[in-house]
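Each remark here refers to the structure printed beneath this line.
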Amino acid sequence: MNSAQAGGSLSIRNVSKIYDPEGANIKALHDCSIDIAAGEICMILGPSGCGKTTLLNAVAGFHGISSGEIRLDGTLLCNTAKPQAQQGPDRMVVFQNGALFPWKTLLNNVAYGPIVQQRLSPKEARAKALDMLGEAGLADVAHKYPGEVSSGMARRAEIVRALINDPKILLLDEPYRAMDALTKAIMHENLLRIYDLKPVTIFFITHDLEEAIFLGQRVVIMTTRPATTKEIIEIDLPYPRDHRVLSSEAFRLLVTQVKASVHAEAKKAFAAGEKERA
Ligand SMILES: Nc1ncnc2c1ncn2[C@@H]1O[C@H](COP(=O)(O)OP(=O)(O)OP(=O)(O)O)[C@@H](O)[C@H]1O
Ligand SMILES: [Mg+2]
């Protein structure tokens with residue numbers, strides 16, 4: 001869909017992750033493989049606690065893996081011999097809880113990255129930030145502080161703050177989780193609009209299967225912990241997508257298909273939890 005994308009293919013091969021191998025030995029990922037094409041919007045769905053954030057953190061370089069290999073555009077990020085990827089501006093992360101500096105305006109939050117990395121002068125960075133905030137529909141609130149805007153606006157500003165660094169891949173961990181359905185719908189359309197303007201690969205974790213289908217080119221369904229890929233569903237809905245697609249027959253059929261797959265895993269996760277408690 002995004003032909004201007006210059007790079008950003010992610011290859012996750014046979015990745016396993018065990019927390020505290022000498023002690024509690026918690027297996028979070030087991031032999032997990034996913035290939036994501038440059039410029040793809042790839043949605044990750046799976047039961048609570050299965051290992052989704054663990055995988056994202058490994059790609060971002062926040063922690064190491066126990067075995068396997070992760071590559072970005074063919075370049076090794078980490079493998080069994082070099083377990084932890086180095087963090088870098090080629091992989092930007094946006095979390096659920098938000099991480100804007102409360103003491104800076106949205107404009108200065110967005111301009112911050114290129115200034116500290118000395119990629120742009122402060123004047124250039126602020127001009128670019130203002131431009132990008134405008135594209136995200138935030139020109140009117142650019143000079144406000146995070147505490148003065150809605151959570152939806154703050155989250156959009158965060159995505160702009162990530163994109164101003166020209167990452168190859170945007171890693172999103174349930175960024176819209178706490179939002180009401182209407183705000184979410186607006187966020188989704190806005191994300192797709194920004195994506196059209198700014199080519200980037202998107203790795204997006206969610207619990208919301210309608211969100212996954214509305215946004216994604218593919219939905220990867222993970223198994224219960226330790227997570228591995230259970231099923232990959234192609235979302236054959238034409239872009240540009242807007243809220244009208246939600247009431248189409250094709251969308252409804254995809255919801256049924258994805259729900260059946262996720263539900264089976266969620267039941268297993270629930271049963272495993274019951275067993276642990278017994
Ligand atoms: N630092 C850690 N040390 C030990 N165990 C951890 C650590 N982080 C996560 N875990 C465990 O690893 C498993 C996977 O956690 P993870 O956060 O990746 O799941 P998730 O799929 O993102 O869950 P959720 O959908 O609730 O966000 C869980 O059982 C969790 O308790
Ligand atoms: Mg998580």
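To be explicit about the labels: the chains of the structure tokens are called A, B, and onward in the order shown, and within each one the residues are counted from 1, while ligands get numbers from 1 in the order they are shown.
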Test item, helix (DSSP H, G or I) assignment across stretch 17-265 of chain A, answer as a PyMOL selection string: chain A and resi 52-60+106-116+122-135+139-141+146-148+151-163+181-197+209-215+243-247+249-265
Contacts to ligand 2 at 10 Å cut-off (only C-alpha atoms and all ligand atoms) as a list in words: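 Residues lying within 10 Å of ligand 2: Gly46, Pro47, Ser48, Gly49, Cys50, Gly51, Lys52, Thr53, Thr54, Leu55, Leu56, Asn57, Phe95, Gln96, Asp173, Glu174, Ile205, Thr206 and His207 of chain A.
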Stretch 156-164 of chain A environment, 7 Å, only C-alpha atoms, sequence neighbours closer than 2 positions dropped, as a PyMOL selection string: chain A and resi 92+94+100+106+109-110+132-133+136+152-154+166-167
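Coordinates place atom 22 (O, counted along the ligand's line) of ligand 1 at a distance of 29.5 Å from atom CA of A:Ser247.
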Selection near stretch 211-223 of chain A, 8 Å with only C-alpha atoms, sequence-local residues under 4 positions removed, as a VMD selection string: chain A and resid 40 to 47 50 52 188 192 206 227 to 236 241 245 to 246 251 254 to 255 261 to 262 265
Dump N, CA and C atoms for the selected residues as a JSON list (two decimals), in the first residue's frame?
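And here is the file that came out, selection_4.json:
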[["chain", "number", "residue", "atom", "x", "y", "z"],
["A", 40, "GLU", "N", 4.36, -2.48, 5.89],
["A", 40, "GLU", "CA", 3.15, -3.21, 6.26],
["A", 40, "GLU", "C", 2.59, -2.71, 7.60],
["A", 41, "ILE", "N", 1.28, -2.77, 7.73],
["A", 41, "ILE", "CA", 0.67, -2.58, 9.05],
["A", 41, "ILE", "C", 0.32, -3.97, 9.55],
["A", 42, "CYS", "N", 1.07, -4.44, 10.53],
["A", 42, "CYS", "CA", 0.91, -5.80, 11.04],
["A", 42, "CYS", "C", 0.37, -5.73, 12.46],
["A", 43, "MET", "N", -0.79, -6.32, 12.68],
["A", 43, "MET", "CA", -1.44, -6.25, 13.98],
["A", 43, "MET", "C", -1.19, -7.56, 14.74],
["A", 44, "ILE", "N", -0.89, -7.44, 16.02],
["A", 44, "ILE", "CA", -0.60, -8.60, 16.84],
["A", 44, "ILE", "C", -1.72, -8.74, 17.89],
["A", 45, "LEU", "N", -2.41, -9.86, 17.84],
["A", 45, "LEU", "CA", -3.52, -10.12, 18.77],
["A", 45, "LEU", "C", -3.19, -11.38, 19.55],
["A", 46, "GLY", "N", -3.57, -11.40, 20.82],
["A", 46, "GLY", "CA", -3.34, -12.63, 21.58],
["A", 46, "GLY", "C", -3.86, -12.47, 22.98],
["A", 47, "PRO", "N", -4.05, -13.58, 23.70],
["A", 47, "PRO", "CA", -4.61, -13.49, 25.04],
["A", 47, "PRO", "C", -3.72, -12.70, 25.99],
["A", 50, "CYS", "N", 0.20, -13.41, 27.16],
["A", 50, "CYS", "CA", 0.77, -14.47, 26.31],
["A", 50, "CYS", "C", 2.23, -14.19, 25.93],
["A", 52, "LYS", "N", 3.09, -10.79, 24.15],
["A", 52, "LYS", "CA", 3.13, -9.79, 23.07],
["A", 52, "LYS", "C", 4.11, -8.66, 23.39],
["A", 188, "HIS", "N", -8.14, 5.85, 14.79],
["A", 188, "HIS", "CA", -7.81, 4.89, 13.73],
["A", 188, "HIS", "C", -7.74, 5.57, 12.37],
["A", 192, "LEU", "N", -4.31, 6.07, 10.01],
["A", 192, "LEU", "CA", -4.21, 5.66, 8.60],
["A", 192, "LEU", "C", -3.87, 6.85, 7.70],
["A", 206, "THR", "N", -2.59, -5.23, 20.04],
["A", 206, "THR", "CA", -3.91, -4.83, 20.54],
["A", 206, "THR", "C", -4.67, -6.03, 21.10],
["A", 227, "ALA", "N", 4.13, -17.57, 23.94],
["A", 227, "ALA", "CA", 3.53, -17.18, 22.66],
["A", 227, "ALA", "C", 4.34, -17.66, 21.48],
["A", 228, "THR", "N", 3.60, -18.14, 20.50],
["A", 228, "THR", "CA", 4.15, -18.37, 19.17],
["A", 228, "THR", "C", 3.03, -17.98, 18.20],
["A", 229, "THR", "N", 3.33, -17.99, 16.91],
["A", 229, "THR", "CA", 2.30, -17.57, 15.96],
["A", 229, "THR", "C", 1.30, -18.71, 15.77],
["A", 230, "LYS", "N", 0.04, -18.43, 16.03],
["A", 230, "LYS", "CA", -0.99, -19.46, 15.83],
["A", 230, "LYS", "C", -1.52, -19.39, 14.40],
["A", 231, "GLU", "N", -1.84, -18.19, 13.95],
["A", 231, "GLU", "CA", -2.48, -18.04, 12.65],
["A", 231, "GLU", "C", -2.24, -16.62, 12.14],
["A", 232, "ILE", "N", -2.07, -16.49, 10.83],
["A", 232, "ILE", "CA", -1.94, -15.16, 10.25],
["A", 232, "ILE", "C", -3.10, -14.97, 9.29],
["A", 233, "ILE", "N", -3.90, -13.93, 9.52],
["A", 233, "ILE", "CA", -5.09, -13.70, 8.69],
["A", 233, "ILE", "C", -4.86, -12.45, 7.84],
["A", 234, "GLU", "N", -4.98, -12.63, 6.53],
["A", 234, "GLU", "CA", -4.85, -11.49, 5.59],
["A", 234, "GLU", "C", -6.14, -10.69, 5.66],
["A", 235, "ILE", "N", -6.01, -9.38, 5.74],
["A", 235, "ILE", "CA", -7.21, -8.53, 5.78],
["A", 235, "ILE", "C", -7.37, -7.88, 4.40],
["A", 236, "ASP", "N", -8.21, -8.52, 3.64],
["A", 236, "ASP", "CA", -8.34, -8.12, 2.24],
["A", 236, "ASP", "C", -9.42, -7.05, 2.08],
["A", 241, "ARG", "N", -9.37, 3.14, 4.15],
["A", 241, "ARG", "CA", -10.51, 2.63, 4.90],
["A", 241, "ARG", "C", -11.06, 3.75, 5.79],
["A", 245, "VAL", "N", -16.42, 0.95, 6.50],
["A", 245, "VAL", "CA", -16.04, -0.45, 6.29],
["A", 245, "VAL", "C", -16.53, -1.33, 7.46],
["A", 246, "LEU", "N", -16.70, -0.70, 8.63],
["A", 246, "LEU", "CA", -17.10, -1.45, 9.83],
["A", 246, "LEU", "C", -18.47, -2.11, 9.66],
["A", 251, "PHE", "N", -16.23, -7.19, 6.51],
["A", 251, "PHE", "CA", -15.68, -6.91, 7.83],
["A", 251, "PHE", "C", -16.29, -7.86, 8.87],
["A", 254, "LEU", "N", -14.77, -11.25, 8.69],
["A", 254, "LEU", "CA", -13.42, -11.27, 9.27],
["A", 254, "LEU", "C", -13.48, -11.28, 10.79],
["A", 255, "VAL", "N", -14.42, -10.50, 11.34],
["A", 255, "VAL", "CA", -14.57, -10.47, 12.80],
["A", 255, "VAL", "C", -14.89, -11.88, 13.31],
["A", 261, "SER", "N", -10.64, -17.69, 16.38],
["A", 261, "SER", "CA", -9.26, -18.06, 16.62],
["A", 261, "SER", "C", -8.76, -17.53, 17.97],
["A", 262, "VAL", "N", -9.05, -16.25, 18.26],
["A", 262, "VAL", "CA", -8.58, -15.64, 19.50],
["A", 262, "VAL", "C", -9.30, -16.25, 20.70],
["A", 265, "GLU", "N", -7.84, -19.42, 21.99],
["A", 265, "GLU", "CA", -6.60, -19.22, 22.76],
["A", 265, "GLU", "C", -6.89, -18.61, 24.13]]
One-decimal distance in Å that lies between atom CA of A:Val15 and atom CA of A:Ser67: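 Atom CA of A:Val15 lies 5.6 Å from atom CA of A:Ser67.
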Residue neighbourhood A:Asp90, 12 Å, only C-alpha atoms, exclusion window fewer than 5 positions, as a PyMOL selection string: chain A and resi 7-10+59-61+72-73+75+77+85+162-171+200-201
Close residues, A:Ile12 itself excluded, 9 Å, only C-alpha atoms, min 3 positions apart in chain, as JSON, numbers by chain: {"A": [15, 32, 33, 34, 35, 36, 59, 68, 69, 70, 71, 72]}
For atom CA of A:Ala111 and atom CA of A:Gly147, the interatomic separation in Å (one decimal):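 Going from atom CA of A:Ala111 over to atom CA of A:Gly147, I get 17.9 Å.
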